[in-house]
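*Asks:* What follows is protein-v4.cif; its format and atoms are mmCIF, N, CA and C atoms.
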data_input
loop_
_atom_site.label_atom_id
_atom_site.label_comp_id
_atom_site.auth_asym_id
_atom_site.auth_seq_id
_atom_site.Cartn_x
_atom_site.Cartn_y
_atom_site.Cartn_z
N MET A 20 108.34 21.28 -111.65
CA MET A 20 106.96 21.73 -111.71
C MET A 20 106.29 21.10 -112.93
N VAL A 21 105.11 20.56 -112.75
CA VAL A 21 104.38 19.91 -113.83
C VAL A 21 103.47 20.93 -114.50
N LYS A 22 103.52 20.98 -115.84
CA LYS A 22 102.68 21.90 -116.59
C LYS A 22 101.80 21.10 -117.53
N SER A 23 100.58 21.53 -117.67
CA SER A 23 99.62 20.82 -118.53
C SER A 23 99.79 21.24 -119.98
N VAL A 24 99.52 20.30 -120.88
CA VAL A 24 99.54 20.62 -122.31
C VAL A 24 98.40 21.57 -122.66
N LEU A 25 97.38 21.63 -121.83
CA LEU A 25 96.25 22.52 -122.09
C LEU A 25 96.50 23.93 -121.56
N GLY A 26 97.60 24.13 -120.87
CA GLY A 26 97.89 25.44 -120.31
C GLY A 26 98.41 26.40 -121.37
N VAL A 27 98.69 27.61 -120.92
CA VAL A 27 99.17 28.66 -121.81
C VAL A 27 100.67 28.49 -122.07
N ASN A 28 101.41 28.04 -121.07
CA ASN A 28 102.86 27.89 -121.20
C ASN A 28 103.19 26.57 -121.88
N HIS A 29 103.61 26.66 -123.12
CA HIS A 29 103.93 25.47 -123.88
C HIS A 29 105.44 25.32 -123.98
N GLN A 30 105.88 24.07 -123.97
CA GLN A 30 107.28 23.76 -124.19
C GLN A 30 107.34 22.90 -125.43
N GLY A 31 108.21 23.26 -126.35
CA GLY A 31 108.24 22.64 -127.66
C GLY A 31 108.40 21.13 -127.66
N LEU A 32 109.38 20.61 -126.92
CA LEU A 32 109.63 19.17 -126.93
C LEU A 32 108.46 18.39 -126.34
N ARG A 33 107.92 18.88 -125.25
CA ARG A 33 106.80 18.19 -124.62
C ARG A 33 105.58 18.17 -125.54
N ASP A 34 105.28 19.29 -126.16
CA ASP A 34 104.15 19.35 -127.08
C ASP A 34 104.38 18.44 -128.28
N TRP A 35 105.60 18.43 -128.79
CA TRP A 35 105.95 17.56 -129.92
C TRP A 35 105.75 16.09 -129.54
N LEU A 36 106.18 15.72 -128.32
CA LEU A 36 106.01 14.34 -127.86
C LEU A 36 104.54 13.99 -127.69
N PHE A 37 103.76 14.89 -127.11
CA PHE A 37 102.32 14.64 -126.96
C PHE A 37 101.67 14.40 -128.32
N GLN A 38 102.03 15.22 -129.28
CA GLN A 38 101.43 15.08 -130.60
C GLN A 38 101.86 13.78 -131.27
N ARG A 39 103.13 13.42 -131.14
CA ARG A 39 103.60 12.18 -131.76
C ARG A 39 103.04 10.94 -131.07
N MET A 40 102.97 10.95 -129.74
CA MET A 40 102.41 9.80 -129.02
C MET A 40 100.93 9.63 -129.34
N SER A 41 100.20 10.74 -129.44
CA SER A 41 98.78 10.64 -129.77
C SER A 41 98.61 10.12 -131.20
N ALA A 42 99.49 10.53 -132.11
CA ALA A 42 99.41 10.04 -133.49
C ALA A 42 99.69 8.55 -133.57
N VAL A 43 100.66 8.07 -132.82
CA VAL A 43 100.97 6.63 -132.82
C VAL A 43 99.81 5.84 -132.23
N PHE A 44 99.23 6.32 -131.13
CA PHE A 44 98.10 5.62 -130.53
C PHE A 44 96.91 5.57 -131.50
N MET A 45 96.64 6.69 -132.16
CA MET A 45 95.53 6.70 -133.12
C MET A 45 95.79 5.77 -134.29
N LEU A 46 97.03 5.70 -134.75
CA LEU A 46 97.38 4.79 -135.84
C LEU A 46 97.17 3.34 -135.44
N VAL A 47 97.58 2.98 -134.24
CA VAL A 47 97.37 1.61 -133.75
C VAL A 47 95.88 1.29 -133.69
N CYS A 48 95.08 2.22 -133.19
CA CYS A 48 93.63 1.99 -133.12
C CYS A 48 93.02 1.84 -134.50
N ILE A 49 93.43 2.66 -135.44
CA ILE A 49 92.87 2.60 -136.79
C ILE A 49 93.26 1.30 -137.48
N VAL A 50 94.52 0.88 -137.32
CA VAL A 50 94.96 -0.39 -137.92
C VAL A 50 94.20 -1.56 -137.29
N ALA A 51 93.99 -1.53 -135.98
CA ALA A 51 93.25 -2.60 -135.32
C ALA A 51 91.79 -2.64 -135.80
N LEU A 52 91.16 -1.48 -135.93
CA LEU A 52 89.79 -1.45 -136.42
C LEU A 52 89.71 -1.92 -137.87
N PHE A 53 90.67 -1.51 -138.68
CA PHE A 53 90.71 -1.96 -140.08
C PHE A 53 90.87 -3.47 -140.14
N GLY A 54 91.75 -4.03 -139.30
CA GLY A 54 91.92 -5.48 -139.24
C GLY A 54 90.64 -6.18 -138.84
N TYR A 55 89.94 -5.62 -137.87
CA TYR A 55 88.66 -6.19 -137.44
C TYR A 55 87.64 -6.17 -138.58
N LEU A 56 87.61 -5.06 -139.32
CA LEU A 56 86.67 -4.95 -140.44
C LEU A 56 87.01 -5.92 -141.56
N VAL A 57 88.28 -6.15 -141.81
CA VAL A 57 88.69 -7.10 -142.84
C VAL A 57 88.31 -8.53 -142.43
N MET A 58 88.48 -8.84 -141.16
CA MET A 58 88.17 -10.19 -140.69
C MET A 58 86.67 -10.42 -140.56
N ASN A 59 85.91 -9.38 -140.35
CA ASN A 59 84.45 -9.49 -140.19
C ASN A 59 83.78 -8.57 -141.21
N SER A 60 83.80 -8.95 -142.45
CA SER A 60 83.36 -8.05 -143.52
C SER A 60 81.84 -7.89 -143.60
N ASP A 61 81.09 -8.81 -143.06
CA ASP A 61 79.63 -8.73 -143.16
C ASP A 61 78.99 -8.35 -141.82
N LEU A 62 79.39 -7.19 -141.30
CA LEU A 62 78.87 -6.73 -140.01
C LEU A 62 77.49 -6.10 -140.18
N ALA A 63 76.61 -6.42 -139.28
CA ALA A 63 75.30 -5.80 -139.22
C ALA A 63 75.25 -4.88 -137.99
N TYR A 64 74.13 -4.21 -137.85
CA TYR A 64 73.98 -3.28 -136.73
C TYR A 64 74.19 -3.96 -135.40
N TYR A 65 73.69 -5.16 -135.22
CA TYR A 65 73.77 -5.84 -133.93
C TYR A 65 75.20 -6.20 -133.56
N GLU A 66 76.02 -6.56 -134.56
CA GLU A 66 77.43 -6.83 -134.27
C GLU A 66 78.16 -5.56 -133.86
N TRP A 67 77.88 -4.44 -134.57
CA TRP A 67 78.49 -3.18 -134.19
C TRP A 67 78.07 -2.77 -132.78
N HIS A 68 76.78 -2.91 -132.51
CA HIS A 68 76.27 -2.56 -131.19
C HIS A 68 76.91 -3.43 -130.12
N GLY A 69 77.03 -4.71 -130.40
CA GLY A 69 77.66 -5.61 -129.45
C GLY A 69 79.13 -5.27 -129.22
N LEU A 70 79.81 -4.88 -130.28
CA LEU A 70 81.22 -4.50 -130.14
C LEU A 70 81.37 -3.25 -129.27
N PHE A 71 80.60 -2.22 -129.56
CA PHE A 71 80.75 -0.97 -128.83
C PHE A 71 80.03 -0.98 -127.48
N ALA A 72 79.29 -2.02 -127.17
CA ALA A 72 78.68 -2.14 -125.85
C ALA A 72 79.69 -2.67 -124.82
N GLN A 73 80.80 -3.23 -125.29
CA GLN A 73 81.82 -3.75 -124.38
C GLN A 73 82.60 -2.60 -123.76
N LEU A 74 82.89 -2.74 -122.47
CA LEU A 74 83.54 -1.67 -121.72
C LEU A 74 84.93 -1.34 -122.27
N TRP A 75 85.71 -2.35 -122.63
CA TRP A 75 87.07 -2.08 -123.10
C TRP A 75 87.07 -1.32 -124.42
N VAL A 76 86.06 -1.56 -125.27
CA VAL A 76 85.97 -0.84 -126.54
C VAL A 76 85.59 0.62 -126.27
N LYS A 77 84.72 0.84 -125.32
CA LYS A 77 84.36 2.22 -124.96
C LYS A 77 85.57 2.98 -124.43
N ILE A 78 86.35 2.32 -123.59
CA ILE A 78 87.53 2.97 -123.01
C ILE A 78 88.56 3.29 -124.09
N VAL A 79 88.81 2.33 -124.98
CA VAL A 79 89.77 2.56 -126.06
C VAL A 79 89.26 3.67 -126.98
N THR A 80 87.97 3.71 -127.24
CA THR A 80 87.40 4.75 -128.10
C THR A 80 87.51 6.12 -127.44
N ILE A 81 87.27 6.19 -126.15
CA ILE A 81 87.43 7.46 -125.44
C ILE A 81 88.89 7.90 -125.45
N LEU A 82 89.81 6.96 -125.24
CA LEU A 82 91.23 7.29 -125.31
C LEU A 82 91.63 7.74 -126.72
N PHE A 83 91.03 7.12 -127.74
CA PHE A 83 91.28 7.53 -129.11
C PHE A 83 90.85 8.98 -129.32
N PHE A 84 89.65 9.32 -128.87
CA PHE A 84 89.17 10.69 -129.06
C PHE A 84 89.93 11.69 -128.19
N LEU A 85 90.36 11.29 -127.00
CA LEU A 85 91.20 12.17 -126.20
C LEU A 85 92.52 12.42 -126.92
N SER A 86 93.09 11.39 -127.51
CA SER A 86 94.32 11.55 -128.27
C SER A 86 94.10 12.47 -129.46
N LEU A 87 92.97 12.30 -130.13
CA LEU A 87 92.64 13.16 -131.27
C LEU A 87 92.51 14.62 -130.84
N LEU A 88 91.87 14.85 -129.70
CA LEU A 88 91.67 16.21 -129.23
C LEU A 88 92.98 16.85 -128.78
N VAL A 89 93.83 16.08 -128.09
CA VAL A 89 95.14 16.61 -127.70
C VAL A 89 95.96 16.93 -128.94
N HIS A 90 95.93 16.03 -129.92
CA HIS A 90 96.65 16.23 -131.17
C HIS A 90 96.16 17.50 -131.87
N ALA A 91 94.86 17.68 -131.92
CA ALA A 91 94.29 18.87 -132.56
C ALA A 91 94.63 20.13 -131.78
N TRP A 92 94.56 20.06 -130.45
CA TRP A 92 94.86 21.24 -129.64
C TRP A 92 96.29 21.70 -129.84
N VAL A 93 97.23 20.78 -129.77
CA VAL A 93 98.64 21.15 -129.93
C VAL A 93 98.87 21.71 -131.33
N GLY A 94 98.28 21.08 -132.33
CA GLY A 94 98.45 21.56 -133.69
C GLY A 94 97.86 22.95 -133.90
N MET A 95 96.66 23.16 -133.41
CA MET A 95 96.02 24.47 -133.59
C MET A 95 96.74 25.55 -132.77
N TRP A 96 97.17 25.20 -131.56
CA TRP A 96 97.91 26.17 -130.75
C TRP A 96 99.18 26.60 -131.48
N THR A 97 99.86 25.63 -132.10
CA THR A 97 101.08 25.94 -132.83
C THR A 97 100.79 26.84 -134.03
N VAL A 98 99.75 26.55 -134.76
CA VAL A 98 99.38 27.38 -135.92
C VAL A 98 99.02 28.79 -135.46
N TYR A 99 98.22 28.90 -134.41
CA TYR A 99 97.83 30.22 -133.93
C TYR A 99 99.05 31.00 -133.44
N THR A 100 99.95 30.34 -132.74
CA THR A 100 101.13 31.01 -132.22
C THR A 100 102.03 31.49 -133.35
N ASP A 101 102.16 30.67 -134.38
CA ASP A 101 103.06 31.03 -135.48
C ASP A 101 102.48 32.08 -136.41
N TYR A 102 101.18 32.06 -136.66
CA TYR A 102 100.62 32.87 -137.73
C TYR A 102 99.66 33.98 -137.29
N VAL A 103 99.16 33.95 -136.07
CA VAL A 103 98.27 35.01 -135.60
C VAL A 103 99.09 35.92 -134.68
N THR A 104 99.33 37.12 -135.15
CA THR A 104 100.23 38.02 -134.41
C THR A 104 99.50 38.85 -133.36
N CYS A 105 98.23 39.08 -133.53
CA CYS A 105 97.46 39.88 -132.57
C CYS A 105 97.13 39.02 -131.35
N PRO A 106 97.58 39.42 -130.15
CA PRO A 106 97.34 38.61 -128.96
C PRO A 106 95.86 38.41 -128.65
N VAL A 107 95.04 39.40 -128.89
CA VAL A 107 93.60 39.28 -128.60
C VAL A 107 92.97 38.27 -129.54
N ALA A 108 93.30 38.35 -130.82
CA ALA A 108 92.76 37.39 -131.80
C ALA A 108 93.22 35.98 -131.47
N ARG A 109 94.49 35.85 -131.06
CA ARG A 109 95.01 34.53 -130.70
C ARG A 109 94.27 33.97 -129.48
N LEU A 110 94.00 34.83 -128.50
CA LEU A 110 93.27 34.39 -127.31
C LEU A 110 91.86 33.95 -127.68
N VAL A 111 91.20 34.71 -128.54
CA VAL A 111 89.84 34.35 -128.97
C VAL A 111 89.86 33.02 -129.72
N LEU A 112 90.80 32.86 -130.65
CA LEU A 112 90.88 31.61 -131.40
C LEU A 112 91.19 30.42 -130.50
N ASN A 113 92.12 30.61 -129.56
CA ASN A 113 92.43 29.52 -128.63
C ASN A 113 91.22 29.16 -127.77
N THR A 114 90.49 30.15 -127.33
CA THR A 114 89.31 29.90 -126.49
C THR A 114 88.22 29.18 -127.28
N VAL A 115 87.96 29.65 -128.49
CA VAL A 115 86.94 29.00 -129.32
C VAL A 115 87.35 27.56 -129.63
N THR A 116 88.62 27.36 -129.95
CA THR A 116 89.11 26.01 -130.24
C THR A 116 88.98 25.11 -129.02
N PHE A 117 89.37 25.62 -127.85
CA PHE A 117 89.28 24.81 -126.63
C PHE A 117 87.84 24.39 -126.34
N PHE A 118 86.91 25.34 -126.41
CA PHE A 118 85.52 25.00 -126.11
C PHE A 118 84.92 24.11 -127.19
N GLY A 119 85.32 24.29 -128.44
CA GLY A 119 84.86 23.40 -129.50
C GLY A 119 85.35 21.97 -129.29
N LEU A 120 86.63 21.82 -128.93
CA LEU A 120 87.17 20.48 -128.67
C LEU A 120 86.53 19.86 -127.42
N ALA A 121 86.27 20.67 -126.42
CA ALA A 121 85.61 20.16 -125.21
C ALA A 121 84.19 19.69 -125.53
N ALA A 122 83.49 20.44 -126.38
CA ALA A 122 82.14 20.03 -126.79
C ALA A 122 82.19 18.71 -127.56
N CYS A 123 83.18 18.55 -128.41
CA CYS A 123 83.34 17.28 -129.14
C CYS A 123 83.58 16.13 -128.18
N PHE A 124 84.40 16.37 -127.14
CA PHE A 124 84.67 15.31 -126.18
C PHE A 124 83.39 14.91 -125.42
N PHE A 125 82.62 15.89 -124.97
CA PHE A 125 81.40 15.56 -124.24
C PHE A 125 80.36 14.90 -125.15
N ALA A 126 80.32 15.30 -126.40
CA ALA A 126 79.42 14.61 -127.35
C ALA A 126 79.84 13.16 -127.54
N THR A 127 81.14 12.93 -127.60
CA THR A 127 81.66 11.56 -127.71
C THR A 127 81.25 10.74 -126.49
N LEU A 128 81.39 11.32 -125.31
CA LEU A 128 80.97 10.60 -124.10
C LEU A 128 79.49 10.26 -124.13
N LEU A 129 78.67 11.23 -124.51
CA LEU A 129 77.22 10.98 -124.57
C LEU A 129 76.88 9.88 -125.56
N ILE A 130 77.54 9.89 -126.71
CA ILE A 130 77.25 8.88 -127.73
C ILE A 130 77.70 7.51 -127.27
N LEU A 131 78.93 7.43 -126.73
CA LEU A 131 79.46 6.11 -126.33
C LEU A 131 78.70 5.51 -125.16
N TRP A 132 78.38 6.31 -124.17
CA TRP A 132 77.71 5.75 -123.01
C TRP A 132 76.22 5.58 -123.25
N GLY A 133 75.73 6.04 -124.40
CA GLY A 133 74.34 5.81 -124.75
C GLY A 133 74.12 4.47 -125.44
N VAL A 134 75.22 3.79 -125.79
CA VAL A 134 75.11 2.50 -126.47
C VAL A 134 74.68 1.44 -125.50
#
Translate this file's structure into structure tokens.

*Replies:*
Amino acid sequence: MVKSVLGVNHQGLRDWLFQRMSAVFMLVCIVALFGYLVMNSDLAYYEWHGLFAQLWVKIVTILFFLSLLVHAWVGMWTVYTDYVTCPVARLVLNTVTFFGLAACFFATLLILWGV
């Protein structure tokens, strides 16, 4: 049976792997962007706009933010599970965190596809 990382039933190894894979992907993206900035040190607005107008950059950026959100969700779920003992408070915190992360994702989509 397949279970989602966004679900209530968490499994330690799977969550750990999701968090580590997302961290590695984000590290690769950050190193690549840093390399691009070093090679093109005098970027103006038009170069940035041209870079982020390309479809592959938009897709990689969306994947970066999805990785960031999954990483944050697993981390916050773990903190809430370990340190918040009241089930109602934990549910409220998980719900607020989920909707906050979802809002961040949709804001990212609006910003990227507006370029």

*Asks:* With only N, CA and C atoms as the atoms that count, which of A:Val57, A:Met95, A:Met45, A:Ala108 lies nearest to Leu82 of chain A?

*Replies:* A:Met45

*Asks:* Return as a list in words the set of residues that the PyMOL selection byres (((chain A and resi 71 and name CA) around 12) and name CA) yields on the displayed structure.

*Replies:*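 Taken on the displayed file, the PyMOL selection byres (((chain A and resi 71 and name CA) around 12) and name CA) yields the residues Leu52, Tyr64, Tyr65, Glu66, Trp67, His68, Gly69, Leu70, Ala72, Gln73, Leu74, Trp75, Val76, Lys77, Ile78, Val79, Thr80, Ile81, Ile130, Leu131, Trp132, Gly133 and Val134 of chain A.
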
*Asks:* For a test of reading the model, state the distance in Å between atom CA of Asp101 of chain A and atom C of Asn113 of chain A, rounded to one decimal.

*Replies:*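 So the two atoms, atom CA of Asp101 of chain A and atom C of Asn113 of chain A, lie 14.3 Å apart.
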
*Asks:* Please, what distance in Å, to one decimal, runs between atom C of Leu85 of chain A and atom N of Leu62 of chain A?

*Replies:* 27.6 Å

*Asks:* Nearest to Phe83 of chain A among A:Leu56, A:Phe44, A:Leu110, A:Gln38, with distances taken over all atoms listed in the file: which residue is it?

*Replies:*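 For Phe83 of chain A, the nearest of the given residues is A:Phe44.
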
*Asks:* Written as a ChimeraX atom specification, which residues does the PyMOL selection byres (((chain A and resi 35 and name CA) around 12) and name CA) give for the file shown?

*Replies:* /A:24,29-34,36-42,89-90,92-94,96-97

*Asks:* Which value, in Å to one decimal, gives the distance between atom C of Tyr55 of chain A and atom CA of Leu88 of chain A?

*Replies:*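 Separation between atom C of Tyr55 of chain A and atom CA of Leu88 of chain A: 24.6 Å.
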